[in-house]
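Student: For reference, this is structure.csv, and it has CSV, C-alpha atoms.
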```
chain,number,residue,atom,x,y,z
R,1,MET,CA,52.2,-47.6,9.6
R,2,GLY,CA,50.5,-49.8,7.0
R,3,GLY,CA,49.2,-48.6,3.7
R,4,ILE,CA,45.5,-47.9,3.4
R,5,ARG,CA,43.7,-50.0,0.8
R,6,VAL,CA,41.1,-48.2,-1.3
R,7,VAL,CA,38.7,-49.5,-4.0
R,8,ALA,CA,38.0,-46.7,-6.5
R,9,ALA,CA,34.8,-47.9,-8.2
R,10,PRO,CA,32.8,-45.1,-9.8
R,11,ASN,CA,30.2,-45.0,-12.5
R,12,ALA,CA,30.8,-42.8,-15.5
R,13,PHE,CA,30.4,-39.1,-15.1
R,14,ARG,CA,28.1,-38.6,-18.2
R,15,GLY,CA,29.4,-36.0,-20.6
R,16,SER,CA,32.7,-35.7,-18.8
R,17,LEU,CA,34.6,-38.9,-18.0
R,18,ASP,CA,33.9,-42.6,-18.5
R,19,ALA,CA,34.2,-44.9,-15.6
R,20,ALA,CA,37.8,-45.8,-16.3
R,21,GLY,CA,38.8,-42.1,-16.4
R,22,ALA,CA,36.9,-41.4,-13.2
R,23,SER,CA,38.6,-44.2,-11.3
R,24,ALA,CA,42.0,-43.2,-12.6
R,25,ALA,CA,41.4,-39.6,-11.4
R,26,MET,CA,40.3,-40.9,-8.0
R,27,ALA,CA,43.4,-43.0,-7.8
R,28,SER,CA,45.7,-40.1,-8.7
R,29,GLY,CA,44.1,-37.9,-5.9
R,30,LEU,CA,44.3,-40.7,-3.3
R,31,ARG,CA,48.0,-41.3,-4.0
R,32,ALA,CA,48.8,-37.5,-3.9
R,33,ALA,CA,47.0,-37.2,-0.6
R,34,ARG,CA,48.9,-40.1,0.9
R,35,PRO,CA,51.8,-41.6,-1.0
R,36,GLY,CA,51.8,-45.4,-0.6
R,37,THR,CA,48.0,-45.7,-0.7
R,38,LEU,CA,47.1,-49.0,-2.3
R,39,VAL,CA,44.4,-48.3,-4.9
R,40,LEU,CA,42.4,-50.8,-6.9
R,41,GLU,CA,40.8,-49.1,-9.9
R,42,LEU,CA,37.5,-50.9,-10.6
R,43,PRO,CA,35.3,-49.0,-13.0
R,44,LEU,CA,31.6,-49.8,-12.8
R,45,ALA,CA,28.4,-49.5,-14.8
R,46,ASP,CA,24.8,-50.3,-14.3
R,47,GLY,CA,23.2,-50.8,-17.6
R,48,GLY,CA,23.5,-47.2,-18.6
R,49,ASP,CA,26.1,-45.4,-20.7
R,50,GLY,CA,29.5,-47.1,-20.4
R,51,THR,CA,28.3,-50.6,-19.7
R,52,ALA,CA,29.8,-52.0,-22.9
R,53,ALA,CA,33.2,-50.4,-22.3
R,54,VAL,CA,33.4,-51.8,-18.7
R,55,LEU,CA,32.4,-55.3,-19.8
R,56,LEU,CA,34.9,-55.2,-22.7
R,57,ALA,CA,37.7,-54.2,-20.3
R,58,ALA,CA,36.8,-57.0,-17.9
R,59,ARG,CA,36.2,-59.9,-20.4
R,60,GLY,CA,38.0,-59.0,-23.7
R,61,GLY,CA,36.5,-58.5,-27.1
R,62,GLN,CA,36.2,-56.0,-29.9
R,63,TRP,CA,34.3,-52.9,-30.7
R,64,ARG,CA,32.0,-53.0,-33.7
R,65,SER,CA,29.8,-50.3,-35.2
R,66,LEU,CA,26.9,-49.8,-37.6
R,67,ARG,CA,25.3,-46.8,-39.2
R,68,VAL,CA,21.6,-46.8,-38.1
R,69,PRO,CA,18.8,-44.3,-37.7
R,70,ASP,CA,18.7,-42.5,-34.4
R,71,ALA,CA,15.5,-42.1,-32.3
R,72,TRP,CA,14.2,-39.6,-34.9
R,73,GLY,CA,15.4,-41.2,-38.1
R,74,GLN,CA,18.6,-39.4,-38.6
R,75,PRO,CA,21.8,-41.5,-39.4
R,76,ARG,CA,24.1,-42.2,-36.6
R,77,HIS,CA,27.2,-44.5,-36.2
R,78,ALA,CA,26.3,-46.7,-33.2
R,79,PRO,CA,29.1,-48.8,-31.5
R,80,TRP,CA,28.5,-52.2,-29.9
R,81,VAL,CA,30.8,-54.8,-28.4
R,82,LEU,CA,31.4,-58.5,-29.3
R,83,LEU,CA,33.0,-60.1,-26.3
R,84,ASP,CA,35.5,-63.0,-26.6
R,85,ASP,CA,32.9,-65.4,-25.3
R,86,GLY,CA,30.5,-64.5,-28.2
R,87,SER,CA,28.2,-62.2,-26.2
R,88,ALA,CA,27.1,-59.1,-28.0
R,89,VAL,CA,26.8,-56.0,-25.6
R,90,VAL,CA,24.5,-53.4,-27.0
R,91,GLU,CA,23.7,-50.1,-25.2
R,92,ILE,CA,20.3,-48.8,-26.2
R,93,SER,CA,21.6,-45.3,-25.8
R,94,ALA,CA,24.2,-45.9,-28.6
R,95,ALA,CA,21.5,-45.9,-31.3
R,96,SER,CA,18.4,-44.5,-29.6
R,97,GLY,CA,19.8,-42.2,-26.8
R,98,LEU,CA,19.4,-38.6,-26.2
R,99,GLY,CA,23.0,-37.6,-26.8
R,100,ARG,CA,23.2,-33.9,-26.2
R,101,ARG,CA,19.7,-33.2,-27.6
R,102,ARG,CA,16.9,-31.6,-25.6
R,103,PRO,CA,13.8,-33.0,-27.2
R,104,THR,CA,10.7,-31.0,-27.8
R,105,PRO,CA,7.3,-32.4,-26.6
R,106,ALA,CA,6.6,-33.5,-30.2
R,107,GLN,CA,9.9,-35.2,-30.4
R,108,ALA,CA,9.2,-37.1,-27.2
R,109,LEU,CA,6.2,-38.6,-28.9
R,110,ARG,CA,8.1,-39.7,-32.0
R,111,ALA,CA,11.3,-41.1,-30.4
R,112,SER,CA,11.8,-44.7,-31.4
R,113,SER,CA,14.0,-47.6,-30.5
R,114,TYR,CA,14.1,-48.9,-34.1
R,115,GLY,CA,17.8,-48.2,-34.6
R,116,THR,CA,18.7,-50.4,-31.6
R,117,GLY,CA,16.8,-53.3,-33.2
R,118,LEU,CA,18.9,-52.9,-36.3
R,119,LEU,CA,22.0,-52.9,-34.2
R,120,ILE,CA,21.0,-56.1,-32.5
R,121,ALA,CA,20.0,-57.7,-35.8
R,122,GLU,CA,23.6,-57.0,-37.1
R,123,ALA,CA,25.1,-58.5,-34.0
R,124,LEU,CA,23.0,-61.7,-34.6
R,125,ARG,CA,24.2,-61.8,-38.2
R,126,GLN,CA,27.7,-61.6,-37.0
R,127,GLY,CA,27.2,-64.7,-34.9
R,128,ALA,CA,26.5,-63.4,-31.5
R,129,ARG,CA,25.7,-66.3,-29.2
R,130,ARG,CA,24.1,-64.2,-26.5
R,131,VAL,CA,22.6,-60.7,-26.3
R,132,LEU,CA,23.4,-58.4,-23.4
R,133,LEU,CA,21.2,-55.3,-23.8
R,134,ALA,CA,21.9,-52.3,-21.6
R,135,LEU,CA,18.7,-50.2,-21.2
R,136,GLY,CA,19.9,-47.0,-19.7
R,137,GLY,CA,19.8,-43.6,-21.5
R,138,ILE,CA,17.1,-44.1,-24.1
R,139,SER,CA,15.4,-41.0,-25.6
R,140,GLY,CA,11.8,-42.2,-26.0
R,141,SER,CA,9.0,-44.2,-24.5
R,142,ASP,CA,7.9,-46.6,-27.3
R,143,GLY,CA,7.9,-49.7,-25.1
R,144,GLY,CA,10.5,-51.4,-27.3
R,145,GLY,CA,8.0,-51.4,-30.2
R,146,GLY,CA,10.5,-50.0,-32.6
R,147,LEU,CA,13.2,-52.4,-31.5
R,148,LEU,CA,10.9,-55.4,-32.2
R,149,ALA,CA,9.7,-54.0,-35.5
R,150,ALA,CA,13.3,-53.9,-36.6
R,151,LEU,CA,13.6,-57.5,-35.7
R,152,GLY,CA,10.6,-58.5,-37.8
R,153,ALA,CA,7.5,-57.9,-35.6
R,154,ARG,CA,4.6,-56.3,-37.4
R,155,LEU,CA,2.8,-53.6,-35.5
R,156,LEU,CA,-0.5,-52.8,-37.3
R,157,ASP,CA,-3.3,-50.3,-37.0
R,158,GLY,CA,-7.0,-50.9,-37.8
R,159,ALA,CA,-6.3,-50.5,-41.5
R,160,GLY,CA,-3.6,-53.1,-41.4
R,161,GLN,CA,-0.8,-50.5,-41.7
R,162,PRO,CA,2.2,-49.8,-39.4
R,163,PRO,CA,1.4,-46.7,-37.3
R,164,PRO,CA,4.1,-44.0,-37.0
R,165,LEU,CA,7.2,-45.0,-35.0
R,166,GLY,CA,7.4,-43.8,-31.4
R,167,GLY,CA,5.3,-44.0,-28.3
R,168,GLN,CA,2.3,-42.0,-29.6
R,169,GLY,CA,1.8,-44.5,-32.4
R,170,LEU,CA,1.3,-47.4,-29.9
R,171,ALA,CA,-2.2,-46.1,-29.1
R,172,GLU,CA,-3.2,-46.7,-32.7
R,173,LEU,CA,-2.3,-50.4,-32.6
R,174,ALA,CA,-5.1,-52.9,-33.4
R,175,ARG,CA,-3.0,-56.0,-34.1
R,176,LEU,CA,0.4,-57.5,-33.4
R,177,ASP,CA,2.0,-60.2,-35.6
R,178,LEU,CA,5.1,-61.8,-34.1
R,179,SER,CA,5.3,-64.6,-36.7
R,180,ARG,CA,8.4,-63.1,-38.4
R,181,LEU,CA,10.1,-61.9,-35.2
R,182,ASP,CA,13.7,-63.1,-35.1
R,183,LEU,CA,15.5,-63.0,-31.8
R,184,GLY,CA,18.3,-65.1,-33.1
R,185,GLY,CA,17.5,-68.2,-31.0
R,186,VAL,CA,20.1,-67.1,-28.4
R,187,PRO,CA,19.7,-66.1,-24.8
R,188,TRP,CA,18.9,-62.4,-24.0
R,189,THR,CA,19.8,-60.7,-20.8
R,190,VAL,CA,18.4,-57.2,-20.3
R,191,LEU,CA,20.5,-55.0,-17.9
R,192,VAL,CA,18.4,-52.3,-16.1
R,193,ASP,CA,19.4,-49.4,-13.9
R,194,VAL,CA,15.9,-48.7,-12.5
R,195,GLN,CA,13.2,-50.9,-10.9
R,196,SER,CA,10.1,-49.2,-12.2
R,197,PRO,CA,7.1,-51.1,-13.7
R,198,LEU,CA,5.8,-50.2,-17.1
R,199,LEU,CA,2.7,-48.2,-16.2
R,200,GLY,CA,1.5,-45.8,-13.5
R,201,PRO,CA,3.0,-42.9,-11.6
R,202,ASN,CA,6.3,-44.7,-11.2
R,203,GLY,CA,6.3,-46.1,-14.8
R,204,ALA,CA,8.0,-45.3,-18.0
R,205,ALA,CA,5.9,-42.4,-19.2
R,206,ALA,CA,5.0,-40.6,-15.9
R,207,ARG,CA,8.4,-40.9,-14.2
R,208,PHE,CA,10.8,-40.7,-17.0
R,209,GLY,CA,8.9,-39.0,-19.9
R,210,PRO,CA,9.5,-35.5,-18.6
R,211,GLN,CA,13.2,-36.1,-18.6
R,212,LYS,CA,12.9,-36.8,-22.4
R,213,GLY,CA,10.9,-33.7,-23.3
R,214,ALA,CA,7.3,-34.8,-22.5
R,215,GLY,CA,4.9,-32.4,-21.0
R,216,ALA,CA,1.7,-33.4,-19.1
R,217,GLU,CA,-0.3,-34.0,-22.2
R,218,GLU,CA,2.5,-36.0,-23.9
R,219,VAL,CA,2.8,-38.2,-20.7
R,220,ARG,CA,-0.9,-38.9,-21.0
R,221,LEU,CA,-0.6,-39.9,-24.6
R,222,LEU,CA,2.5,-42.1,-24.0
R,223,GLU,CA,0.8,-43.8,-21.0
R,224,ALA,CA,-2.2,-44.6,-23.2
R,225,GLY,CA,0.0,-46.0,-25.9
R,226,LEU,CA,2.0,-48.2,-23.5
R,227,ARG,CA,-1.1,-49.5,-22.0
R,228,ARG,CA,-2.5,-50.6,-25.4
R,229,TRP,CA,1.0,-52.1,-26.3
R,230,ALA,CA,1.1,-54.0,-23.0
R,231,THR,CA,-2.3,-55.6,-23.7
R,232,LEU,CA,-1.5,-56.7,-27.2
R,233,LEU,CA,2.0,-58.0,-26.4
R,234,GLU,CA,0.9,-59.9,-23.3
R,235,GLU,CA,-1.9,-61.5,-25.4
R,236,ALA,CA,0.5,-62.4,-28.2
R,237,THR,CA,3.1,-64.0,-25.9
R,238,GLY,CA,0.8,-65.4,-23.2
R,239,ARG,CA,3.1,-63.9,-20.5
R,240,ARG,CA,0.7,-62.0,-18.2
R,241,GLY,CA,2.1,-59.7,-15.6
R,242,ALA,CA,5.3,-58.7,-17.4
R,243,ARG,CA,4.2,-55.1,-17.1
R,244,GLU,CA,4.5,-55.2,-13.3
R,245,LEU,CA,8.0,-56.6,-13.2
R,246,PRO,CA,10.7,-54.4,-11.6
R,247,GLY,CA,12.6,-53.0,-14.5
R,248,ALA,CA,9.7,-53.3,-17.0
R,249,GLY,CA,9.6,-49.5,-17.2
R,250,ALA,CA,13.3,-49.2,-18.1
R,251,ALA,CA,14.3,-47.6,-21.4
R,252,GLY,CA,10.8,-46.3,-22.1
R,253,GLY,CA,9.2,-49.6,-21.5
R,254,SER,CA,11.6,-51.7,-23.5
R,255,GLY,CA,12.3,-53.8,-20.4
R,256,PHE,CA,8.6,-54.9,-20.5
R,257,ALA,CA,8.7,-55.9,-24.2
R,258,LEU,CA,11.7,-58.1,-23.8
R,259,ALA,CA,10.5,-59.6,-20.5
R,260,ALA,CA,7.3,-60.5,-22.2
R,261,LEU,CA,9.3,-62.3,-24.9
R,262,GLY,CA,11.3,-64.3,-22.3
R,263,ALA,CA,14.4,-62.3,-21.8
R,264,ASP,CA,16.0,-62.4,-18.4
R,265,ILE,CA,15.8,-58.9,-16.7
R,266,ARG,CA,18.7,-58.3,-14.3
R,267,SER,CA,20.2,-55.4,-12.4
R,268,GLY,CA,23.0,-54.0,-14.7
R,269,ALA,CA,24.9,-53.0,-11.6
R,270,GLU,CA,24.8,-56.5,-10.2
R,271,VAL,CA,26.0,-58.1,-13.5
R,272,VAL,CA,28.8,-55.7,-13.8
R,273,ALA,CA,29.8,-56.1,-10.1
R,274,GLU,CA,30.0,-59.9,-10.5
R,275,THR,CA,32.0,-59.6,-13.7
R,276,VAL,CA,34.7,-57.2,-12.3
R,277,GLY,CA,34.9,-59.0,-8.9
R,278,LEU,CA,33.7,-56.2,-6.7
R,279,ASP,CA,32.9,-58.4,-3.7
R,280,ALA,CA,36.4,-59.9,-3.6
R,281,ALA,CA,38.0,-56.5,-3.9
R,282,LEU,CA,36.0,-55.1,-1.0
R,283,GLU,CA,37.1,-58.0,1.3
R,284,GLN,CA,40.6,-56.5,1.3
R,285,ALA,CA,39.6,-52.8,1.4
R,286,ASP,CA,39.7,-50.2,4.0
R,287,LEU,CA,37.6,-47.6,2.0
R,288,LEU,CA,35.4,-47.5,-1.0
R,289,LEU,CA,35.2,-44.5,-3.2
R,290,THR,CA,32.3,-44.5,-5.7
R,291,GLY,CA,30.2,-41.8,-7.5
R,292,GLU,CA,28.7,-40.5,-10.6
R,293,GLY,CA,27.5,-37.2,-12.1
R,294,ARG,CA,24.4,-36.8,-10.0
R,295,LEU,CA,23.3,-38.5,-6.8
R,296,ASP,CA,19.5,-38.3,-6.0
R,297,ALA,CA,16.7,-40.6,-5.0
R,298,GLN,CA,17.0,-42.5,-8.3
R,299,THR,CA,20.5,-43.6,-7.3
R,300,ALA,CA,18.9,-46.1,-4.8
R,301,GLN,CA,16.8,-47.7,-7.6
R,302,GLY,CA,19.7,-49.7,-9.1
R,303,LYS,CA,22.5,-47.4,-9.9
R,304,ALA,CA,26.1,-48.5,-9.6
R,305,PRO,CA,27.1,-46.2,-6.7
R,306,TRP,CA,24.3,-47.6,-4.5
R,307,LEU,CA,25.1,-51.2,-5.2
R,308,ALA,CA,28.8,-50.6,-4.6
R,309,ALA,CA,28.2,-48.8,-1.3
R,310,SER,CA,25.7,-51.4,-0.2
R,311,ARG,CA,28.2,-54.2,-0.9
R,312,ALA,CA,30.9,-52.2,1.0
R,313,SER,CA,28.6,-51.7,4.0
R,314,ALA,CA,27.9,-55.4,4.1
R,315,CYS,CA,31.7,-56.0,4.4
R,316,GLY,CA,32.1,-53.3,7.1
R,317,VAL,CA,33.9,-51.0,4.7
R,318,PRO,CA,33.1,-47.3,4.8
R,319,ALA,CA,31.8,-45.9,1.5
R,320,VAL,CA,32.1,-42.3,0.3
R,321,ALA,CA,30.5,-41.1,-3.0
R,322,LEU,CA,31.8,-38.2,-5.1
R,323,ALA,CA,29.3,-36.4,-7.3
R,324,GLY,CA,29.0,-33.5,-9.7
R,325,SER,CA,25.7,-32.5,-8.1
R,326,LEU,CA,23.2,-33.7,-5.5
R,327,GLY,CA,19.5,-33.9,-6.4
R,328,PRO,CA,16.2,-34.4,-4.4
R,329,GLY,CA,16.4,-37.3,-2.1
R,330,TRP,CA,20.1,-37.6,-1.9
R,331,GLU,CA,20.0,-37.5,1.9
R,332,GLY,CA,18.4,-40.9,1.9
R,333,LEU,CA,21.6,-42.4,0.6
R,334,LEU,CA,23.4,-41.6,3.8
R,335,ALA,CA,23.7,-43.8,6.9
R,336,PRO,CA,21.7,-44.9,8.8
R,337,GLN,CA,19.0,-45.0,6.0
R,338,GLY,CA,21.5,-45.7,3.2
R,339,PRO,CA,25.0,-47.2,2.8
R,340,LEU,CA,27.1,-44.1,2.4
R,341,GLU,CA,29.2,-42.5,5.1
R,342,ALA,CA,29.4,-39.2,3.1
R,343,ALA,CA,28.7,-37.6,-0.3
R,344,LEU,CA,31.1,-35.0,-1.5
R,345,VAL,CA,30.2,-32.5,-4.3
R,346,LEU,CA,32.9,-31.8,-6.8
R,347,GLY,CA,34.3,-28.3,-7.4
R,348,THR,CA,34.3,-25.0,-5.6
R,349,GLY,CA,33.4,-21.5,-6.6
R,350,PRO,CA,31.1,-20.2,-9.3
R,351,ARG,CA,31.5,-21.6,-12.8
R,352,GLY,CA,29.3,-22.7,-15.7
R,353,ALA,CA,28.3,-26.2,-16.5
R,354,ARG,CA,30.7,-26.5,-19.4
R,355,GLN,CA,33.7,-25.5,-17.3
R,356,ALA,CA,32.6,-27.8,-14.5
R,357,MET,CA,32.4,-30.8,-16.9
R,358,ALA,CA,35.8,-29.9,-18.4
R,359,GLU,CA,37.4,-29.9,-14.9
R,360,THR,CA,35.8,-33.1,-13.7
R,361,ALA,CA,39.1,-35.1,-13.6
R,362,ARG,CA,40.9,-32.4,-11.5
R,363,ASP,CA,37.9,-32.1,-9.2
R,364,LEU,CA,37.8,-35.8,-8.7
R,365,GLU,CA,41.4,-35.9,-7.7
R,366,ILE,CA,40.9,-33.1,-5.1
R,367,ALA,CA,37.7,-34.7,-3.7
R,368,ALA,CA,39.3,-38.2,-3.5
R,369,GLY,CA,42.1,-36.7,-1.5
R,370,GLN,CA,39.6,-35.0,0.8
R,371,ALA,CA,37.7,-38.2,1.3
R,372,LEU,CA,40.8,-40.1,2.3
R,373,ARG,CA,41.7,-37.4,4.8
R,374,LEU,CA,38.2,-37.6,6.3
R,375,CYS,CA,38.6,-41.4,6.6
R,376,LEU,CA,42.0,-41.1,8.2
R,377,ALA,CA,40.6,-38.6,10.7
R,378,ARG,CA,38.0,-41.0,12.1
R,379,PRO,CA,38.6,-42.8,15.4
R,380,GLY,CA,40.0,-46.3,14.8
R,381,ARG,CA,41.0,-45.2,11.3
R,382,PRO,CA,42.4,-47.8,8.9
R,383,GLY,CA,46.0,-47.9,7.7
R,384,THR,CA,47.5,-46.9,11.1
```
Could you write out this file's structure as structure tokens?

Tutor:
Amino acid sequence: MGGIRVVAAPNAFRGSLDAAGASAAMASGLRAARPGTLVLELPLADGGDGTAAVLLAARGGQWRSLRVPDAWGQPRHAPWVLLDDGSAVVEISAASGLGRRRPTPAQALRASSYGTGLLIAEALRQGARRVLLALGGISGSDGGGGLLAALGARLLDGAGQPPPLGGQGLAELARLDLSRLDLGGVPWTVLVDVQSPLLGPNGAAARFGPQKGAGAEEVRLLEAGLRRWATLLEEATGRRGARELPGAGAAGGSGFALAALGADIRSGAEVVAETVGLDAALEQADLLLTGEGRLDAQTAQGKAPWLAASRASACGVPAVALAGSLGPGWEGLLAPQGPLEAALVLGTGPRGARQAMAETARDLEIAAGQALRLCLARPGRPGT
């Protein structure tokens, strides 16, 4: 009887475990369920929280940090990574993310990416030879306007003054001056975890604004601001059509701004998968375990579990996802429409959200063991 080979490749479980902790918990559960199981722990990320840590573990480097204003101007220590190859990895959520805050509608209009721009400026001052900007988890919808302002762009209203930071202020713009914008003269790669365009029902304001505190009126105001911003920035750069690119709506429209300035927009999940060697690992695997805190229709728009399961399916390797919860549209992730054989929800019995998050590691161990038993119960099961 040979040993079954499993790749444990989850995303982070936000607020509970990072991707490395999640993969370690899966591995523990697999080995407990069947001693001798060969497990390759391969933490993943997709341009959201945890991307810097996964790339650091794979390529080597150092953590750095800087005190910057958060999305609402309050001071925050924001970490970033300088890789050994000279690349700076900056997560937009580190400076401009929600954290544990639940914004009000007014705060949704004021949230800015300015602090992220300061973080990138510091990375450039420290000699970064490339910028990898992970766009998942931002708190606002300012189209990257604050980020560019921190790097020297001048956003001006009809009186020649800067409007208030945040998405609402974009509607007051009359002129954009990029003459002092300093992107460091280095390549930029923007890592996205969604494929949304900038505007419209699937865009930054309409689709993601409500998750950041915006009501119907705030979404209307943010959409108007982003439309005005898109017109001015495309005129200033001469890059028409950037607003329609997949990923332009990522991070409140920051993907659009950087694409209009010539940055390369890439799937964060694909970049991470290439870096950690996911395809090579799957060639030797009998089972893939992946997962994250919530599986829903957005998972198929560029999240790490979808990419990992799709790569596994292409190799003929069954894929099972473990999740803290299942949201609308999760059924579309399952075969035959999607690449997953099954999706298992963590935990049993009634309990509050805080307790569930505290018990994520134990629940992952249990669910991973159950997934392995299901795999072994299939006809023609591997490892026998």

Student: Got a sec: who's within 6 Å of range 197-214 of chain R, counting all atoms listed in the file, leaving out chain neighbours fewer than 6 positions off, as a count of residues only?

Tutor: 16

Student: Between CA of Ser113 in chain R and CA of Val68 in chain R, what distance in Å does the model show, to one decimal?

Tutor: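 CA of Val68 in chain R lies at a distance of 10.8 Å from CA of Ser113 in chain R.
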
Student: Determine the nearest neighbour of Leu322 in chain R from the options R:Glu359, R:Asp286, R:Asp279, R:Glu365, counting all atoms listed in the file.

Tutor: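 Closest to Leu322 in chain R of all the choices is R:Glu365.
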
Student: Expressed in Å to a single decimal, how great is the separation between CA of Ala159 in chain R and CA of Ala71 in chain R?

Tutor: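 Distance between the two atoms: 25.1 Å.
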
Student: Please identify all polymer residues within 12 Å of range 169-181 of chain R, counting only C-alpha atoms, omitting same-chain residues fewer than 6 positions from it, and present them as a PyMOL selection string.

Tutor: chain R and resi 108-112+117+121+141-163+220-237+253+261

Student: Could you please determine the separation between CA of Pro305 in chain R and CA of Val6 in chain R in Å, to one decimal place?

Tutor: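 CA of Val6 in chain R lies 15.1 Å from CA of Pro305 in chain R.
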
Student: Please report, as CSV, each residue of range 108-202 of chain R lying at most 12 Å from range 288-300 of chain R, together with the nearest pair of atoms and the separation in Å rounded to one decimal; use all atoms listed in the file, and order rows by chain and ascending residue number.

Tutor:
```
residue,atom,partner,partner_atom,distance
R:Asp193,CA,R:Thr299,CA,8.9
R:Val194,CA,R:Gln298,CA,7.6
R:Gln195,CA,R:Gln298,CA,9.6
R:Ser196,CA,R:Gln298,CA,10.4
R:Asn202,CA,R:Gln298,CA,11.3
```

Student: Do a neighbour search on Ala45 in chain R at 9 Å with all atoms listed in the file, toss out local chain neighbours closer than 2 positions, and write the hits as a list in words.

Tutor: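 After dropping sequence-adjacent residues, the list is Pro10, Asn11, Ala12, Ala19, Pro43, Gly47, Gly48, Asp49, Gly50, Thr51, Ala52, Ala53, Val54, Leu55, Gly268, Ala269, Val272, Ala273, Lys303, Ala304 and Pro305 of chain R.
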
Student: Of the residues R:Trp188, R:Ser93, R:Leu278, R:Ala24, which is the one nearest to Ala260 in chain R, using all atoms listed in the file?

Tutor: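 Comparing R:Trp188, R:Ser93, R:Leu278, R:Ala24 against Ala260 in chain R, the winner is R:Trp188.
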
Student: Which one is closest to Gln107 in chain R: R:Glu331, R:Glu91, R:Gly86, R:Trp72? Count only C-alpha atoms.

Tutor: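 The answer is R:Trp72, which sits nearest to Gln107 in chain R.
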